[in-house]
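**Q** Got a structure for you, questions after.
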Amino acid sequence: MSLKKRDEMDHNAWLKSQDLTVIETAFLTTLIWIDKRLRIVDYLELLETMYYRANLQMPKSHTEQYDLDNKFWYWYPLYSLGSLSILAYLVAAVSGALLGFYYSPSTAGAAVQGDPTAAYNSVVTILQDVQFGFMLRSIHNWAAQFMVAAVFLHMLRVYFTGAYKEPREVNWILGVILIGLTLFFGFSGYVLPWKQLSFWAAQIGVEMALATPIVGEWAAQLLFGGFTLGQATLVRMYILHVFVLPFVVTSLIALHVGIVWVQGIAEPH
Amino acid sequence: MTDDTEPMTDGGTDESARTDGGAPATVPPDDETPSWTERKEHSQGLAQLTYQYFERSRREDEDLRAESTYVERDVLGFPTWPHETIRNLAIASFFVGMMVFIAALMPPHFGHPANPGSTPAIILPDWYLYWSFGLLKLNPLNPELAVLGGNILIGNEFLGIVAHGILFGFIGLVPFLNKGNARRPVEEPFWAGVGMAGVVLSLTLAALAIQNFFPFELELLITLTFLLPVLAGVITYAVLKTMREGYSYDLNRRYFMLRPPK
């Protein structure tokens with residue numbers, strides 16, 4: 001191998017052979033100078049790829065291919081239910097995080113049965129003293145209602161358009177699991193204010209768990225912190241609602257959407 | 001490996017599509033690195049089967065692409081930026097606005113503090129769990145499920161849990177029971193009927209959960225809980241079966257001629 005410096009791509013000679021204006025020559029000279037030192041062409045390629053990705057030309061959709069446009073548009077809202085549930089989930093997450101600043105999961109403070117507990121009082125504080133607290137709780141509540149409703153309707157849409165069929169069984173089952181978790185999300189949130197209906201809803205939950213053979217008592221201890229309701233129940237519901245379920249549900253939603261991305265949307269024929 | 005007479009693992013004959021056993025397409029590896037062919041020969045059992053399956057599925061993809069009539073156009077849809085992005089932002093803003101609007105109009109009720117000492121007259125979860133609560137109120141059915149002298153087989157509460165299991169199990173099994181590439185309800189009146197029965201069942205179970213609000217006997221309510229869904233299913237089936245004839249003409253023209261059923 002010779003020590004002589006090789007210049008296979010003689011950019012300057014190429015530049016001279018071109019018939020260029022002063023501006024073009026200056027631009028290209030600068031570009032070549034910088035590129036020889038920093039190899040910006042790689043990054044330019046990245047930028048170019050990003051540009052084309054951002055301005056992606058979609059392949060011809062099923063609707064266009066089979067000329068269904070004229071009678072298809074009124075189904076579009078049903079196809080946005082999945083997005084709507086994610087949107088409601090995000091709204092609930094943001095408002096829930098703000099509510100979490102003021103809420104305390106504690107049954108302390110009730111001298112007599114039926115007195116307000118610390119948890120109940122913290123919600124009263126949110127409702128009465130915190131700036132926009134009343135609105136915040138209302139938004140959190142309604143975002144949850146929207147999410148559950150959107151998830152149910154989403155399931156119906158998927159069922160009646162046969163979108164769960166052959167390559168998509170796994171995502172259907174994942175969706176069923178997500179519905180169950182969404183309902184449990186709602187249930188655990190319902191218990192947190194520790195009002196009368198919260199308490200008795202949780203009571204039904206414990207009784208359901210205890211009625212199950214073999215795993216029932218274990219499940220009651222794991223989820224409700226024992227066979228009777230109290231401080232342990234409230235803390236467990238709180239941790240499930242603000243820590244465990246958000247992580248699990250968010251990852252499952254990501255997986256659910258990721259599988260849709262990989263498999264493509266099942267449009268009706 | 002340059003032996004062209006080597007049979008392909010999937011029994012193919014098209015030499016240009018050969019993905020196995022042909023001449024190496026890239027720089028040959030040195031002696032240390034086993035080639036793909038060598039790896040394939042060395043691998044046994046599951047690894048070899050996996051490799052062979054991948055070869056087959058890759059060939060299948062190629063064949064499908066080759067025989068596809070799919071048309072690509074130069075301009076095929078909305079660009080992500082700005083059209084799609086702005087449309088999505090508009091839809092998202094609308095839905096969030098609706099949520100905030102309704103939240104401002106109808107703030108949720110806040111009840112009395114928990115009192116373990118006094119059971120309220122009416123215990124209800126949020127509306128979305130009514131169906132589940134209805135399943136827990138099926139205990140009047142329990143004696144009818146009993147055999148051998150009326151000893152009930154399972155406890156009343158456990159019956160409700162079993163009902164949940166059956167329901168979720170059935171929903172999870174749906175894609176394994178209903179196969180094929182039919183997509184519209186008219187193409188499969190039976191499964192559309194099952195779906196409508198499910199929807200009505202969830203509503204009647206919710207009605208069972210709030211049974212106190214209905215001014216007739218519990219027995220009648222439970223009968224209706226299971227009768228109405230079946231009725232709804234049958235009606236759906238009949239209507240769709242009737243619609244099918246007229247609908248099929250259009251479907252045939254648009255779809256089945258383009259993608260003939262296998």
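Letters A, B, ... mark the chains of the structure tokens in the order given; residue numbers begin at 1 per chain; ligand numbers begin at 1, in order shown.
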Near B:Ala121, counting only C-alpha atoms, which residues have an atom at most 12 Å away, once you skip same-chain residues fewer than 6 positions from it, shown as a tab-separated table (two decimals) with C-alpha atoms, in the first residue's frame?
**A**
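Dumped to out-v2.tsv:
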```tsv
chain	number	residue	atom	x	y	z
A	196	GLN	CA	-70.26	5.33	51.99
A	197	LEU	CA	-70.68	3.82	48.50
A	200	TRP	CA	-69.64	-0.91	50.37
B	210	ILE	CA	-80.83	-2.09	39.72
B	212	ASN	CA	-85.28	-2.34	42.94
```
**Q** Name all residues at most 8 Å from stretch 184-192 of chain A (count only C-alpha atoms; drop same-chain ones fewer than 6 positions away) and give them as a short mmCIF file (atom, residue, chain, number, x, y, z; two decimals) with C-alpha atoms, in the first residue's frame.
**A**
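The result, stored in selection.cif:
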```cif
data_model
loop_
_atom_site.label_atom_id
_atom_site.label_comp_id
_atom_site.auth_asym_id
_atom_site.auth_seq_id
_atom_site.Cartn_x
_atom_site.Cartn_y
_atom_site.Cartn_z
CA PRO A 105 -54.91 7.61 51.62
CA ALA A 119 -59.07 10.44 53.03
CA ALA A 144 -62.67 8.08 33.48
CA SER A 198 -66.90 3.41 48.12
CA PHE A 199 -66.78 1.39 51.29
CA ALA A 201 -68.41 -1.38 46.81
CA ALA A 202 -65.09 -2.51 48.29
CA LEU A 234 -57.28 2.02 51.23
CA MET A 237 -56.26 0.54 46.38
CA TYR A 238 -54.27 3.79 46.31
CA LEU A 240 -52.87 0.03 42.66
CA HIS A 241 -54.64 3.11 41.31
CA LEU A 245 -52.21 0.09 37.16
CA PRO B 125 -70.96 0.67 41.67
CA ASP B 126 -70.42 3.10 38.79
#
```
**Q** Just the residues within 9 Å of A:Asn171, please, counting only C-alpha atoms, with nothing from its chain fewer than 5 positions along; format it as a compact mmCIF listing (two decimals) with N, CA and C atoms, in the first residue's frame.
**A**
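To be explicit, this is the file written out as part08.txt:
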```txt
# COMPACT_ATOMS: atom_id res chain seq x y z
N TYR A 164 -61.23 -8.59 14.71
CA TYR A 164 -60.44 -9.44 15.62
C TYR A 164 -59.98 -10.71 14.92
N VAL A 176 -59.28 -7.52 25.64
CA VAL A 176 -60.16 -8.00 26.72
C VAL A 176 -59.49 -7.78 28.07
N LEU A 255 -48.33 -1.75 23.84
CA LEU A 255 -48.22 -3.01 23.11
C LEU A 255 -49.39 -3.19 22.15
N HIS A 256 -50.59 -2.87 22.64
CA HIS A 256 -51.82 -2.98 21.85
C HIS A 256 -51.72 -2.14 20.58
N VAL A 257 -51.31 -0.87 20.75
CA VAL A 257 -51.19 0.02 19.60
C VAL A 257 -50.02 -0.43 18.71
N ILE A 259 -48.99 -3.45 18.19
CA ILE A 259 -49.41 -4.60 17.37
C ILE A 259 -50.30 -4.12 16.23
N VAL A 260 -51.17 -3.13 16.51
CA VAL A 260 -51.99 -2.57 15.43
C VAL A 260 -51.10 -1.95 14.37
```
**Q** Tell me, as a ChimeraX atom specification, which residues lie within 9 Å of B:Glu187, counting only C-alpha atoms; anything in the same chain fewer than 6 positions away does not count.
**A** /B:240-241,244,247-248
